[in-house]
file target_15.txt (compact mmCIF, C-alpha atoms)
# COMPACT_ATOMS: atom_id res chain seq x y z
CA MET Y 28 -47.43 16.00 48.74
CA ARG Y 29 -46.13 17.67 45.60
CA SER Y 30 -42.99 18.83 47.46
CA MET Y 31 -42.41 15.25 48.62
CA SER Y 32 -42.78 14.07 45.04
CA LEU Y 33 -40.21 16.63 43.95
CA ILE Y 34 -37.83 15.52 46.71
CA HIS Y 35 -38.19 11.91 45.58
CA THR Y 36 -37.45 12.98 42.00
CA VAL Y 37 -34.31 14.86 43.07
CA LEU Y 38 -33.15 11.92 45.20
CA ALA Y 39 -33.79 9.48 42.34
CA SER Y 40 -31.79 11.76 40.02
CA LEU Y 41 -28.86 11.94 42.44
CA LEU Y 42 -28.93 8.17 42.92
CA TRP Y 43 -28.95 7.66 39.14
CA CYS Y 44 -25.98 10.02 38.72
CA ALA Y 45 -24.03 8.17 41.41
CA VAL Y 46 -24.77 4.78 39.84
CA VAL Y 47 -23.81 6.05 36.36
CA PHE Y 48 -20.49 7.52 37.50
CA ILE Y 49 -19.64 4.34 39.42
CA PHE Y 50 -20.58 2.14 36.43
CA VAL Y 51 -18.64 4.24 33.91
CA GLY Y 52 -15.67 4.47 36.29
CA MET Y 53 -15.59 0.70 36.75
CA ASN Y 54 -15.68 0.16 32.99
CA PHE Y 55 -12.96 2.76 32.48
CA MET Y 56 -10.72 0.89 34.94
CA LYS Y 57 -11.55 -2.43 33.28
CA PHE Y 58 -10.69 -1.22 29.77
CA GLU Y 59 -7.61 0.67 30.99
CA ALA Y 60 -6.38 -2.55 32.64
CA ALA Y 61 -7.09 -4.44 29.38
CA SER Y 62 -5.07 -1.86 27.42
CA GLY Y 63 -2.13 -2.21 29.83
CA ALA Y 64 -2.36 -6.02 29.76
CA LEU Y 65 -2.36 -6.10 25.94
CA HIS Y 66 0.59 -3.70 25.84
CA GLU Y 67 2.61 -5.68 28.39
CA SER Y 68 1.70 -9.04 26.84
CA ARG Y 69 2.78 -7.85 23.39
CA ILE Y 70 6.16 -6.69 24.72
CA LYS Y 71 6.74 -9.90 26.69
CA THR Y 72 5.79 -12.01 23.65
CA ALA Y 73 8.28 -10.14 21.44
CA LEU Y 74 11.04 -10.16 24.06
CA THR Y 75 10.52 -13.88 24.77
CA GLU Y 76 11.09 -14.69 21.09
CA LEU Y 77 14.34 -12.67 21.08
CA HIS Y 78 15.38 -14.32 24.34
CA LYS Y 79 14.83 -17.80 22.86
CA THR Y 80 17.14 -16.99 19.94
CA ILE Y 81 19.89 -15.68 22.25
CA GLN Y 82 19.42 -18.58 24.67
CA LEU Y 83 19.91 -21.11 21.84
CA GLU Y 84 23.41 -19.70 21.29
CA MET Y 85 24.14 -19.79 25.01
CA ASP Y 86 22.98 -23.42 25.23
CA LYS Y 87 25.70 -24.32 22.72
CA GLY Y 88 28.33 -23.28 25.26
CA GLU Y 89 28.95 -19.72 24.03
CA MET Y 90 30.21 -17.10 26.47
CA LEU Y 91 27.85 -14.13 26.92
CA ALA Y 92 30.49 -11.56 25.97
CA GLY Y 93 31.37 -13.62 22.87
CA LEU Y 94 27.90 -13.76 21.28
CA LYS Y 95 28.60 -12.80 17.66
CA THR Y 96 25.01 -12.31 16.54
CA ALA Y 97 23.76 -10.41 19.62
CA GLY Y 98 24.23 -6.92 18.16
CA GLU Y 99 22.46 -7.82 14.92
CA LEU Y 100 19.55 -9.48 16.77
CA LEU Y 101 19.06 -6.46 19.03
CA LEU Y 102 19.05 -4.06 16.05
CA ARG Y 103 16.52 -6.23 14.21
CA TYR Y 104 14.31 -6.27 17.29
CA ALA Y 105 14.56 -2.47 17.60
CA ASN Y 106 13.48 -2.03 13.97
CA ASP Y 107 10.29 -4.04 14.59
CA GLU Y 108 9.26 -2.26 17.81
CA THR Y 109 8.06 1.30 17.13
CA ASP Y 110 7.71 2.38 20.79
CA LEU Y 111 11.09 0.96 21.88
CA LEU Y 112 13.70 3.32 23.38
CA SER Y 113 16.53 0.78 23.72
CA VAL Y 114 17.28 -2.91 24.07
CA SER Y 115 20.44 -4.30 25.64
CA ILE Y 116 22.17 -7.23 27.33
CA PHE Y 117 24.10 -6.66 30.54
CA GLU Y 118 26.34 -8.96 32.59
CA THR Y 119 24.73 -10.02 35.87
CA LYS Y 120 27.97 -10.16 37.88
CA THR Y 121 29.23 -6.67 37.04
CA GLY Y 122 26.06 -4.98 35.72
CA LYS Y 123 28.03 -3.80 32.67
CA VAL Y 124 26.13 -3.39 29.38
CA LEU Y 125 27.77 -5.69 26.79
CA PHE Y 126 25.44 -5.18 23.80
CA GLY Y 127 22.82 -2.58 23.04
CA THR Y 128 21.13 -0.33 20.51
CA GLU Y 129 22.17 2.80 22.40
CA PRO Y 130 25.93 3.32 21.78
CA SER Y 131 26.37 5.67 24.76
CA ALA Y 132 25.11 2.94 27.14
CA LEU Y 133 27.74 0.33 26.12
CA GLY Y 134 30.09 -0.32 29.02
CA GLN Y 135 27.85 1.56 31.45
CA ILE Y 136 26.62 -0.02 34.69
CA VAL Y 137 22.89 -0.68 35.02
CA PRO Y 138 20.98 0.20 38.23
CA ASP Y 139 21.70 -2.20 41.09
CA SER Y 140 17.96 -2.96 41.38
CA TRP Y 141 18.02 -4.42 37.84
CA ARG Y 142 20.76 -6.87 38.80
CA LYS Y 143 18.75 -8.01 41.82
CA LYS Y 144 15.54 -8.36 39.80
CA CYS Y 145 17.41 -10.42 37.22
CA SER Y 146 18.42 -13.09 39.72
CA ARG Y 147 15.39 -15.38 39.25
CA PRO Y 148 15.73 -17.83 36.31
CA ASN Y 149 13.21 -17.45 33.43
CA GLU Y 150 11.24 -14.74 35.27
CA PHE Y 151 10.36 -11.41 33.72
CA PHE Y 152 10.85 -8.27 35.72
CA THR Y 153 9.16 -4.94 35.03
CA VAL Y 154 10.09 -1.46 36.24
CA HIS Y 155 7.47 1.27 35.68
CA GLU Y 156 8.41 4.95 35.62
CA THR Y 157 6.46 8.08 34.66
CA ASP Y 158 7.51 8.27 31.03
CA LYS Y 159 9.02 4.83 30.38
CA GLU Y 160 8.96 1.19 31.48
CA SER Y 161 11.67 -1.45 31.45
CA PHE Y 162 11.33 -5.20 30.92
CA GLY Y 163 13.99 -7.81 31.57
CA ILE Y 164 14.55 -11.57 31.48
CA PRO Y 165 17.66 -13.52 32.61
CA VAL Y 166 20.06 -15.17 30.16
CA GLN Y 167 21.61 -18.45 31.32
CA ASN Y 168 24.75 -20.29 30.29
CA ALA Y 169 24.93 -24.00 29.43
CA PHE Y 170 25.15 -24.81 33.15
CA LEU Y 171 21.83 -23.01 33.86
CA GLU Y 172 23.56 -20.17 35.69
CA ASN Y 173 22.27 -16.60 35.34
CA VAL Y 174 25.12 -14.82 33.60
CA GLY Y 175 23.28 -11.90 32.01
CA CYS Y 176 20.00 -10.18 31.39
CA LEU Y 177 18.14 -9.11 28.26
CA THR Y 178 16.38 -5.78 28.88
CA ALA Y 179 14.15 -3.52 26.79
CA VAL Y 180 13.08 0.02 27.63
CA TYR Y 181 9.83 1.32 26.11
CA THR Y 182 8.28 4.76 26.04
CA MET Y 183 5.00 5.23 27.90
CA GLN Y 184 3.86 7.92 25.47
CA GLY Y 185 1.52 5.65 23.50
CA ILE Y 186 -0.09 3.92 26.48
CA ASN Y 187 -0.49 7.28 28.27
CA ALA Y 188 -2.19 8.75 25.20
CA VAL Y 189 -4.65 5.82 25.17
CA ARG Y 190 -5.34 6.36 28.88
CA GLU Y 191 -6.06 10.06 28.33
CA ARG Y 192 -8.48 9.24 25.50
CA MET Y 193 -10.24 6.73 27.76
CA ILE Y 194 -10.55 9.33 30.54
CA ARG Y 195 -12.15 11.79 28.11
CA THR Y 196 -14.49 9.05 26.89
CA ALA Y 197 -15.47 8.13 30.46
CA PHE Y 198 -16.31 11.72 31.44
CA ARG Y 199 -18.16 12.44 28.20
CA TYR Y 200 -20.44 9.42 28.46
CA ALA Y 201 -20.88 9.71 32.24
CA PHE Y 202 -22.30 13.22 31.84
CA ARG Y 203 -24.44 12.18 28.87
CA LEU Y 204 -25.91 9.16 30.63
CA ALA Y 205 -26.46 11.15 33.83
CA ALA Y 206 -28.30 13.88 31.91
CA ILE Y 207 -30.54 11.34 30.14
CA GLY Y 208 -31.38 9.60 33.44
CA VAL Y 209 -32.19 12.91 35.15
CA SER Y 210 -34.42 13.81 32.18
CA ILE Y 211 -36.32 10.54 32.64
CA CYS Y 212 -36.83 11.19 36.37
CA PHE Y 213 -38.08 14.76 35.89
CA SER Y 214 -40.26 13.85 32.92
CA PHE Y 215 -42.08 11.41 35.21
CA TYR Y 216 -42.53 14.15 37.80
CA PHE Y 217 -43.83 16.80 35.40
CA PHE Y 218 -46.14 14.40 33.58
CA SER Y 219 -47.59 13.09 36.86
CA PHE Y 220 -48.10 16.71 37.99
CA LEU Y 221 -49.94 17.60 34.76
CA VAL Y 222 -52.06 14.43 34.86
CA SER Y 223 -53.32 15.31 38.34
CA GLU Y 224 -54.47 18.73 37.06
CA LEU Y 225 -56.26 17.60 33.89
CA LEU Y 226 -59.66 16.15 33.21
CA GLU Y 227 -60.05 12.39 32.75
CA HIS Y 228 -60.29 12.43 28.93
CA LYS Y 229 -56.98 14.33 28.67
CA LYS Y 230 -55.10 11.89 30.88
CA ILE Y 231 -55.08 9.12 28.27
CA GLN Y 232 -53.45 11.41 25.68
CA LEU Y 233 -50.86 12.60 28.20
CA THR Y 234 -50.04 9.02 29.24
CA ALA Y 235 -49.41 8.11 25.60
CA VAL Y 236 -47.04 11.10 25.26
CA LEU Y 237 -45.28 10.03 28.48
CA ILE Y 238 -44.76 6.48 27.19
CA LEU Y 239 -43.39 7.83 23.91
CA CYS Y 240 -40.97 10.21 25.67
CA GLN Y 241 -39.77 7.52 28.05
CA GLY Y 242 -39.26 5.15 25.14
CA LEU Y 243 -37.12 7.74 23.33
CA LEU Y 244 -35.07 8.43 26.45
CA LEU Y 245 -34.53 4.72 27.13
CA ALA Y 246 -33.43 4.26 23.51
CA ALA Y 247 -30.99 7.16 24.00
CA LEU Y 248 -29.63 5.40 27.10
CA TYR Y 249 -29.12 2.15 25.20
CA PHE Y 250 -27.36 3.81 22.25
CA ASN Y 251 -25.09 5.84 24.54
CA PHE Y 252 -24.10 2.78 26.57
CA THR Y 253 -23.33 0.91 23.34
CA ALA Y 254 -21.41 3.89 21.92
CA MET Y 255 -19.35 4.14 25.12
CA PHE Y 256 -18.26 0.49 24.88
CA ARG Y 257 -17.44 0.88 21.18
CA THR Y 258 -15.31 3.94 21.90
CA PHE Y 259 -13.39 2.11 24.63
CA GLU Y 260 -12.91 -0.83 22.24
CA ALA Y 261 -11.64 1.50 19.51
CA ASP Y 262 -8.98 2.73 21.96
CA LEU Y 263 -7.80 -0.89 22.37
CA ARG Y 264 -7.68 -1.56 18.61
CA GLU Y 265 -4.14 -0.28 17.99
CA GLU Y 266 -2.67 -2.51 20.71
CA ILE Y 267 -4.80 -5.46 19.52
CA ALA Y 268 -3.50 -4.94 15.97
CA SER Y 269 0.15 -4.71 17.07
CA LYS Y 270 -0.05 -7.84 19.19
CA SER Y 271 -1.98 -9.83 16.55
CA ARG Y 272 0.54 -8.92 13.84
CA LEU Y 273 3.38 -9.96 16.13
CA ILE Y 274 1.87 -13.38 16.94
CA ALA Y 275 0.85 -14.03 13.31
CA GLY Y 276 4.38 -13.12 12.19
CA GLN Y 277 5.96 -15.46 14.73
CA ILE Y 278 3.78 -18.41 13.68
CA GLY Y 279 4.40 -17.56 10.02
CA MET Y 280 8.17 -17.51 10.55
CA LEU Y 281 8.07 -20.83 12.43
CA LEU Y 282 6.09 -22.45 9.60
CA SER Y 283 8.35 -20.90 6.96
CA HIS Y 284 11.41 -22.50 8.61
CA ALA Y 285 9.63 -25.87 8.74
CA VAL Y 286 8.55 -25.70 5.07
CA GLN Y 287 12.00 -24.57 3.91
CA SER Y 288 13.49 -27.50 5.85
CA GLY Y 289 11.44 -29.92 3.75
CA VAL Y 290 8.37 -30.49 5.97
CA PRO Y 291 5.20 -30.69 3.78
CA PHE Y 292 3.06 -27.61 4.45
CA ASP Y 293 -0.08 -29.66 5.04
CA SER Y 294 1.65 -32.16 7.40
CA VAL Y 295 3.20 -30.08 10.19
CA THR Y 296 2.75 -32.17 13.33
CA ALA Y 297 1.39 -30.72 16.60
CA LEU Y 298 0.76 -27.34 14.97
CA GLU Y 299 -2.89 -27.09 16.03
CA ALA Y 300 -1.99 -27.91 19.66
CA TYR Y 301 0.67 -25.17 19.56
CA MET Y 302 -1.80 -22.66 18.09
CA ASP Y 303 -4.46 -23.59 20.62
CA GLN Y 304 -1.99 -23.02 23.46
CA ILE Y 305 -1.35 -19.51 22.10
CA ARG Y 306 -5.09 -18.89 21.87
CA GLN Y 307 -5.65 -20.06 25.44
CA GLU Y 308 -2.89 -17.78 26.73
CA ASN Y 309 -4.30 -14.75 24.87
CA LYS Y 310 -8.01 -14.57 25.68
CA GLU Y 311 -8.75 -11.86 23.12
CA ILE Y 312 -7.85 -14.21 20.24
CA LEU Y 313 -10.96 -15.84 18.79
CA PHE Y 314 -9.25 -18.06 16.21
CA ILE Y 315 -5.95 -18.86 14.49
CA LEU Y 316 -6.11 -20.26 10.96
CA VAL Y 317 -3.42 -21.47 8.61
CA THR Y 318 -4.54 -21.54 4.98
CA ASP Y 319 -2.93 -22.39 1.67
CA LYS Y 320 -2.70 -19.88 -1.20
CA THR Y 321 -6.27 -20.60 -2.31
CA GLY Y 322 -7.71 -19.89 1.15
CA ARG Y 323 -8.34 -23.54 2.04
CA VAL Y 324 -8.00 -24.01 5.81
CA LEU Y 325 -5.27 -26.52 6.70
CA TYR Y 326 -5.05 -25.94 10.46
CA GLU Y 327 -7.47 -24.27 12.85
CA ALA Y 328 -7.54 -23.32 16.53
CA GLY Y 329 -10.80 -21.82 17.75
CA SER Y 330 -13.66 -21.06 15.38
CA ALA Y 331 -13.87 -18.34 12.73
CA ALA Y 332 -17.60 -18.91 12.09
CA LYS Y 333 -18.67 -16.12 14.47
CA ALA Y 334 -16.40 -13.52 12.87
CA PHE Y 335 -17.38 -13.90 9.21
CA GLU Y 336 -20.59 -13.86 7.21
CA ALA Y 337 -21.47 -14.17 3.54
CA ASP Y 338 -23.42 -11.75 1.35
CA PRO Y 339 -26.56 -13.70 0.34
CA HIS Y 340 -26.59 -12.09 -3.11
CA THR Y 341 -22.92 -12.26 -4.14
CA GLY Y 342 -21.60 -14.97 -1.80
CA LYS Y 343 -18.68 -12.72 -0.85
CA ILE Y 344 -17.24 -13.40 2.62
CA PHE Y 345 -16.57 -10.41 4.86
CA LEU Y 346 -15.60 -9.69 8.46
CA ARG Y 347 -18.41 -8.74 10.82
CA ASP Y 348 -18.33 -5.51 12.76
CA GLY Y 349 -16.58 -5.88 16.12
CA TYR Y 350 -13.94 -8.35 14.91
CA TYR Y 351 -10.35 -7.77 13.82
CA ASN Y 352 -8.38 -10.02 11.48
CA THR Y 353 -4.69 -9.93 10.57
CA ALA Y 354 -2.56 -12.16 8.35
CA ALA Y 355 1.12 -13.04 7.89
CA PRO Y 356 2.61 -15.06 5.00
CA VAL Y 357 4.20 -18.51 5.18
CA ASN Y 358 7.12 -18.35 2.76
CA ASN Y 359 8.97 -21.06 0.92
CA GLY Y 360 11.91 -19.20 -0.52
CA SER Y 361 10.73 -16.07 -2.30
CA SER Y 362 7.06 -17.05 -2.67
CA ALA Y 363 4.22 -17.42 -0.19
CA VAL Y 364 2.73 -20.91 0.12
CA GLY Y 365 0.03 -19.89 2.58
CA TRP Y 366 -1.11 -17.55 5.31
CA VAL Y 367 -1.49 -17.40 9.08
CA GLN Y 368 -4.66 -15.55 10.06
CA ILE Y 369 -5.51 -14.36 13.56
CA GLY Y 370 -8.98 -13.13 14.48
CA VAL Y 371 -9.77 -11.11 17.58
CA ASN Y 372 -13.15 -10.44 19.15
CA GLU Y 373 -12.92 -6.71 19.93
CA ARG Y 374 -15.75 -7.11 22.45
CA PHE Y 375 -13.69 -9.56 24.54
CA GLU Y 376 -13.42 -7.16 27.49
CA ARG Y 377 -17.08 -6.15 27.34
CA GLU Y 378 -18.20 -9.79 27.25
CA LYS Y 379 -15.85 -10.96 30.01
CA GLY Y 380 -18.32 -10.17 32.79
CA LEU Y 381 -21.44 -11.37 30.93

call {"tool": "encode", "arguments": {"input": "target_15.txt", "output": "C-alpha cells"}}
result
Amino acid sequence: MRSMSLIHTVLASLLWCAVVFIFVGMNFMKFEAASGALHESRIKTALTELHKTIQLEMDKGEMLAGLKTAGELLLRYANDETDLLSVSIFETKTGKVLFGTEPSALGQIVPDSWRKKCSRPNEFFTVHETDKESFGIPVQNAFLENVGCLTAVYTMQGINAVRERMIRTAFRYAFRLAAIGVSICFSFYFFSFLVSELLEHKKIQLTAVLILCQGLLLAALYFNFTAMFRTFEADLREEIASKSRLIAGQIGMLLSHAVQSGVPFDSVTALEAYMDQIRQENKEILFILVTDKTGRVLYEAGSAAKAFEADPHTGKIFLRDGYYNTAAPVNNGSSAVGWVQIGVNERFEREKGL
C-alpha cells in the first residue's frame, strides 16, 4: 500500500512537471510572438509615415528618379531608427537603387524576389533572414502605377537578444515551478506516512504543520508565476517604449503642423476619432491623451483612470505599477503648447486570454 502511495506521488510529480513545462512553454511562445509583433508593428508604422511623405510628392506628378527630397528624408529616417541597417528606394522596372543611406548600394540591383514582392499596391512585404529582416512597400506615380519600392533593412540583433532572455526566463521559472510542485507532492506523501505511524493526539499537530507547509508552498507557486509574467513583460518594455514614443511623436508632429497653420489647439476636428483608430489598431495602448501646458485634458481616446492613482496624503498623481506612459510635445514655433501622452498596459499580453 505504501509502495502504491509512493508510485502515485511520483506519477503526480511527473504530471505536474509536464503541465508546468507545457504552460511555461506556451507563455514563452505567446510573449515571444508579442515581442515580434510589437517590433514589426513599430517598423511598419515608421515606414508608413515615411512612405506617405514620399507618396505626396509622387502624387504631384514627380518622377521617381527626380525626387529632390528623397535623400534627405531617408537620412532623417535613419537617424531616428537605432536598429536600422539601411533604407533605400529602388526602381521596380529595373531593380536599380536610386536613393539610399548606404552609398555603396546606389546603382546596384536588388534581389529579383524583392521586385516581385513589390508588385502589389499598398502592401507591405517582409523578408526574414538569420541576422536581418527587410521591409518594403510600393511607391506609385500619379497614375497609380507601381514605379518603385521603399525598403528598410533592420538588424535582428535586438529582437534575438530579447528572445534569448525570454528563453532563459522560461527555463528558470519552469524548473522553479516544477521543483515547488514536486515538493508539494512529496510533502503530502511523507506527512501521510508519518500520520499513519503516530498516535491520535500527535496527528492533529502534524496536520497543522502540513497545512502550514502547503500554504507556504502554494504562496511560493503564486509568487513565482507572477514573477515569471513580470519578467516576460519587462522583456517587452523596450519595444513598447520605442513604439509608444514613435506614435506619440507622429501625433505630436501632426498637431504641431495644424497649430502652426492657424488651427486653434483646442478645436482640432476629428482628432479623437483619429486617436481612437490608432488605439484600436494597437491593442497594447490603453489611452491617448492630448493636454495643454497646464495638464488639462483637451482630447482623449481610451481611459487613463486605470493607469493613475493619487496619494491620499499629498494628492500627487503617479503611474501605477504595470503601466507605461510616454509623452511628446505639440509645438507652436519654438515653444510647446501642449503634450501628447500615450499609456500602455504592460500586462496586455497576460490579460489577453483572461

call {"tool": "atom_distance", "arguments": {"input": "target_15.txt", "atom1": "CA of Val357 in chain Y", "atom2": "CA of Leu282 in chain Y"}}
result
6.2 Å

call {"tool": "atom_distance", "arguments": {"input": "target_15.txt", "atom1": "CA of Asn309 in chain Y", "atom2": "CA of Thr321 in chain Y"}}
result
27.9 Å

call {"tool": "atom_distance", "arguments": {"input": "target_15.txt", "atom1": "CA of Asn54 in chain Y", "atom2": "CA of Phe256 in chain Y"}}
result
8.5 Å

call {"tool": "closest_residue", "arguments": {"input": "target_15.txt", "among": "Y:Val317, Y:Ala297, Y:Ala201, Y:Leu112", "to": "Glu129 in chain Y", "atoms": "all atoms listed in the file"}}
result
Y:Leu112

call {"tool": "residues_around", "arguments": {"input": "target_15.txt", "residues": "Val364 in chain Y", "least_positions_apart": "2", "cutoff": "12 Å", "atoms": "only C-alpha atoms", "output": "PDB file with C-alpha atoms, in the coordinates of the input"}}
result
ATOM      1  CA  GLY Y 279       4.400 -17.560  10.020  1.00  0.00           C
ATOM      2  CA  LEU Y 282       6.090 -22.450   9.600  1.00  0.00           C
ATOM      3  CA  SER Y 283       8.350 -20.900   6.960  1.00  0.00           C
ATOM      4  CA  VAL Y 286       8.550 -25.700   5.070  1.00  0.00           C
ATOM      5  CA  GLN Y 287      12.000 -24.570   3.910  1.00  0.00           C
ATOM      6  CA  PRO Y 291       5.200 -30.690   3.780  1.00  0.00           C
ATOM      7  CA  PHE Y 292       3.060 -27.610   4.450  1.00  0.00           C
ATOM      8  CA  ASP Y 293      -0.080 -29.660   5.040  1.00  0.00           C
ATOM      9  CA  VAL Y 317      -3.420 -21.470   8.610  1.00  0.00           C
ATOM     10  CA  THR Y 318      -4.540 -21.540   4.980  1.00  0.00           C
ATOM     11  CA  ASP Y 319      -2.930 -22.390   1.670  1.00  0.00           C
ATOM     12  CA  LYS Y 320      -2.700 -19.880  -1.200  1.00  0.00           C
ATOM     13  CA  THR Y 321      -6.270 -20.600  -2.310  1.00  0.00           C
ATOM     14  CA  GLY Y 322      -7.710 -19.890   1.150  1.00  0.00           C
ATOM     15  CA  ARG Y 323      -8.340 -23.540   2.040  1.00  0.00           C
ATOM     16  CA  LEU Y 325      -5.270 -26.520   6.700  1.00  0.00           C
ATOM     17  CA  ALA Y 355       1.120 -13.040   7.890  1.00  0.00           C
ATOM     18  CA  PRO Y 356       2.610 -15.060   5.000  1.00  0.00           C
ATOM     19  CA  VAL Y 357       4.200 -18.510   5.180  1.00  0.00           C
ATOM     20  CA  ASN Y 358       7.120 -18.350   2.760  1.00  0.00           C
ATOM     21  CA  ASN Y 359       8.970 -21.060   0.920  1.00  0.00           C
ATOM     22  CA  GLY Y 360      11.910 -19.200  -0.520  1.00  0.00           C
ATOM     23  CA  SER Y 361      10.730 -16.070  -2.300  1.00  0.00           C
ATOM     24  CA  SER Y 362       7.060 -17.050  -2.670  1.00  0.00           C
ATOM     25  CA  TRP Y 366      -1.110 -17.550   5.310  1.00  0.00           C
ATOM     26  CA  VAL Y 367      -1.490 -17.400   9.080  1.00  0.00           C
TER      27      VAL Y 367
END

call {"tool": "build_atoms", "arguments": {"input": "target_15.txt", "residues": "range 299-321 of chain Y", "atoms": "N, CA and C atoms", "output": "PDB file, in the coordinates of the input"}}
result
ATOM      1  N   GLU Y 299      -1.620 -27.557  15.481  1.00  0.00           N
ATOM      2  CA  GLU Y 299      -2.890 -27.090  16.030  1.00  0.00           C
ATOM      3  C   GLU Y 299      -2.841 -27.014  17.563  1.00  0.00           C
ATOM      4  N   ALA Y 300      -2.141 -27.948  18.197  1.00  0.00           N
ATOM      5  CA  ALA Y 300      -1.990 -27.910  19.660  1.00  0.00           C
ATOM      6  C   ALA Y 300      -1.188 -26.678  20.072  1.00  0.00           C
ATOM      7  N   TYR Y 301      -0.152 -26.354  19.289  1.00  0.00           N
ATOM      8  CA  TYR Y 301       0.670 -25.170  19.560  1.00  0.00           C
ATOM      9  C   TYR Y 301      -0.157 -23.891  19.405  1.00  0.00           C
ATOM     10  N   MET Y 302      -0.968 -23.830  18.324  1.00  0.00           N
ATOM     11  CA  MET Y 302      -1.800 -22.660  18.090  1.00  0.00           C
ATOM     12  C   MET Y 302      -2.873 -22.525  19.170  1.00  0.00           C
ATOM     13  N   ASP Y 303      -3.425 -23.640  19.597  1.00  0.00           N
ATOM     14  CA  ASP Y 303      -4.460 -23.590  20.620  1.00  0.00           C
ATOM     15  C   ASP Y 303      -3.891 -23.123  21.956  1.00  0.00           C
ATOM     16  N   GLN Y 304      -2.655 -23.491  22.238  1.00  0.00           N
ATOM     17  CA  GLN Y 304      -1.990 -23.020  23.460  1.00  0.00           C
ATOM     18  C   GLN Y 304      -1.851 -21.496  23.427  1.00  0.00           C
ATOM     19  N   ILE Y 305      -1.460 -20.966  22.260  1.00  0.00           N
ATOM     20  CA  ILE Y 305      -1.350 -19.510  22.100  1.00  0.00           C
ATOM     21  C   ILE Y 305      -2.702 -18.849  22.316  1.00  0.00           C
ATOM     22  N   ARG Y 306      -3.739 -19.441  21.751  1.00  0.00           N
ATOM     23  CA  ARG Y 306      -5.090 -18.890  21.870  1.00  0.00           C
ATOM     24  C   ARG Y 306      -5.557 -18.895  23.323  1.00  0.00           C
ATOM     25  N   GLN Y 307      -5.244 -19.963  24.048  1.00  0.00           N
ATOM     26  CA  GLN Y 307      -5.650 -20.060  25.440  1.00  0.00           C
ATOM     27  C   GLN Y 307      -4.921 -19.038  26.318  1.00  0.00           C
ATOM     28  N   GLU Y 308      -3.676 -18.732  25.957  1.00  0.00           N
ATOM     29  CA  GLU Y 308      -2.890 -17.780  26.730  1.00  0.00           C
ATOM     30  C   GLU Y 308      -3.250 -16.334  26.422  1.00  0.00           C
ATOM     31  N   ASN Y 309      -3.921 -16.103  25.294  1.00  0.00           N
ATOM     32  CA  ASN Y 309      -4.300 -14.750  24.870  1.00  0.00           C
ATOM     33  C   ASN Y 309      -5.803 -14.736  24.630  1.00  0.00           C
ATOM     34  N   LYS Y 310      -6.550 -14.395  25.676  1.00  0.00           N
ATOM     35  CA  LYS Y 310      -8.010 -14.570  25.680  1.00  0.00           C
ATOM     36  C   LYS Y 310      -8.722 -13.738  24.632  1.00  0.00           C
ATOM     37  N   GLU Y 311      -8.087 -12.674  24.143  1.00  0.00           N
ATOM     38  CA  GLU Y 311      -8.750 -11.860  23.120  1.00  0.00           C
ATOM     39  C   GLU Y 311      -8.783 -12.523  21.751  1.00  0.00           C
ATOM     40  N   ILE Y 312      -7.915 -13.535  21.537  1.00  0.00           N
ATOM     41  CA  ILE Y 312      -7.850 -14.210  20.240  1.00  0.00           C
ATOM     42  C   ILE Y 312      -9.025 -15.181  20.102  1.00  0.00           C
ATOM     43  N   LEU Y 313      -9.795 -14.989  19.055  1.00  0.00           N
ATOM     44  CA  LEU Y 313     -10.960 -15.840  18.790  1.00  0.00           C
ATOM     45  C   LEU Y 313     -10.556 -17.090  18.022  1.00  0.00           C
ATOM     46  N   PHE Y 314      -9.687 -16.911  17.017  1.00  0.00           N
ATOM     47  CA  PHE Y 314      -9.250 -18.060  16.210  1.00  0.00           C
ATOM     48  C   PHE Y 314      -7.877 -17.805  15.620  1.00  0.00           C
ATOM     49  N   ILE Y 315      -7.194 -18.895  15.280  1.00  0.00           N
ATOM     50  CA  ILE Y 315      -5.950 -18.860  14.490  1.00  0.00           C
ATOM     51  C   ILE Y 315      -6.130 -19.865  13.366  1.00  0.00           C
ATOM     52  N   LEU Y 316      -5.977 -19.397  12.142  1.00  0.00           N
ATOM     53  CA  LEU Y 316      -6.110 -20.260  10.960  1.00  0.00           C
ATOM     54  C   LEU Y 316      -4.803 -20.265  10.186  1.00  0.00           C
ATOM     55  N   VAL Y 317      -4.501 -21.402   9.599  1.00  0.00           N
ATOM     56  CA  VAL Y 317      -3.420 -21.470   8.610  1.00  0.00           C
ATOM     57  C   VAL Y 317      -4.055 -21.983   7.323  1.00  0.00           C
ATOM     58  N   THR Y 318      -3.922 -21.188   6.265  1.00  0.00           N
ATOM     59  CA  THR Y 318      -4.540 -21.540   4.980  1.00  0.00           C
ATOM     60  C   THR Y 318      -3.478 -21.668   3.897  1.00  0.00           C
ATOM     61  N   ASP Y 319      -3.837 -22.366   2.827  1.00  0.00           N
ATOM     62  CA  ASP Y 319      -2.930 -22.390   1.670  1.00  0.00           C
ATOM     63  C   ASP Y 319      -3.214 -21.148   0.816  1.00  0.00           C
ATOM     64  N   LYS Y 320      -2.568 -21.065  -0.352  1.00  0.00           N
ATOM     65  CA  LYS Y 320      -2.700 -19.880  -1.200  1.00  0.00           C
ATOM     66  C   LYS Y 320      -4.127 -19.660  -1.694  1.00  0.00           C
ATOM     67  N   THR Y 321      -4.901 -20.718  -1.798  1.00  0.00           N
ATOM     68  CA  THR Y 321      -6.270 -20.600  -2.310  1.00  0.00           C
ATOM     69  C   THR Y 321      -7.266 -20.224  -1.209  1.00  0.00           C
TER      70      THR Y 321
END
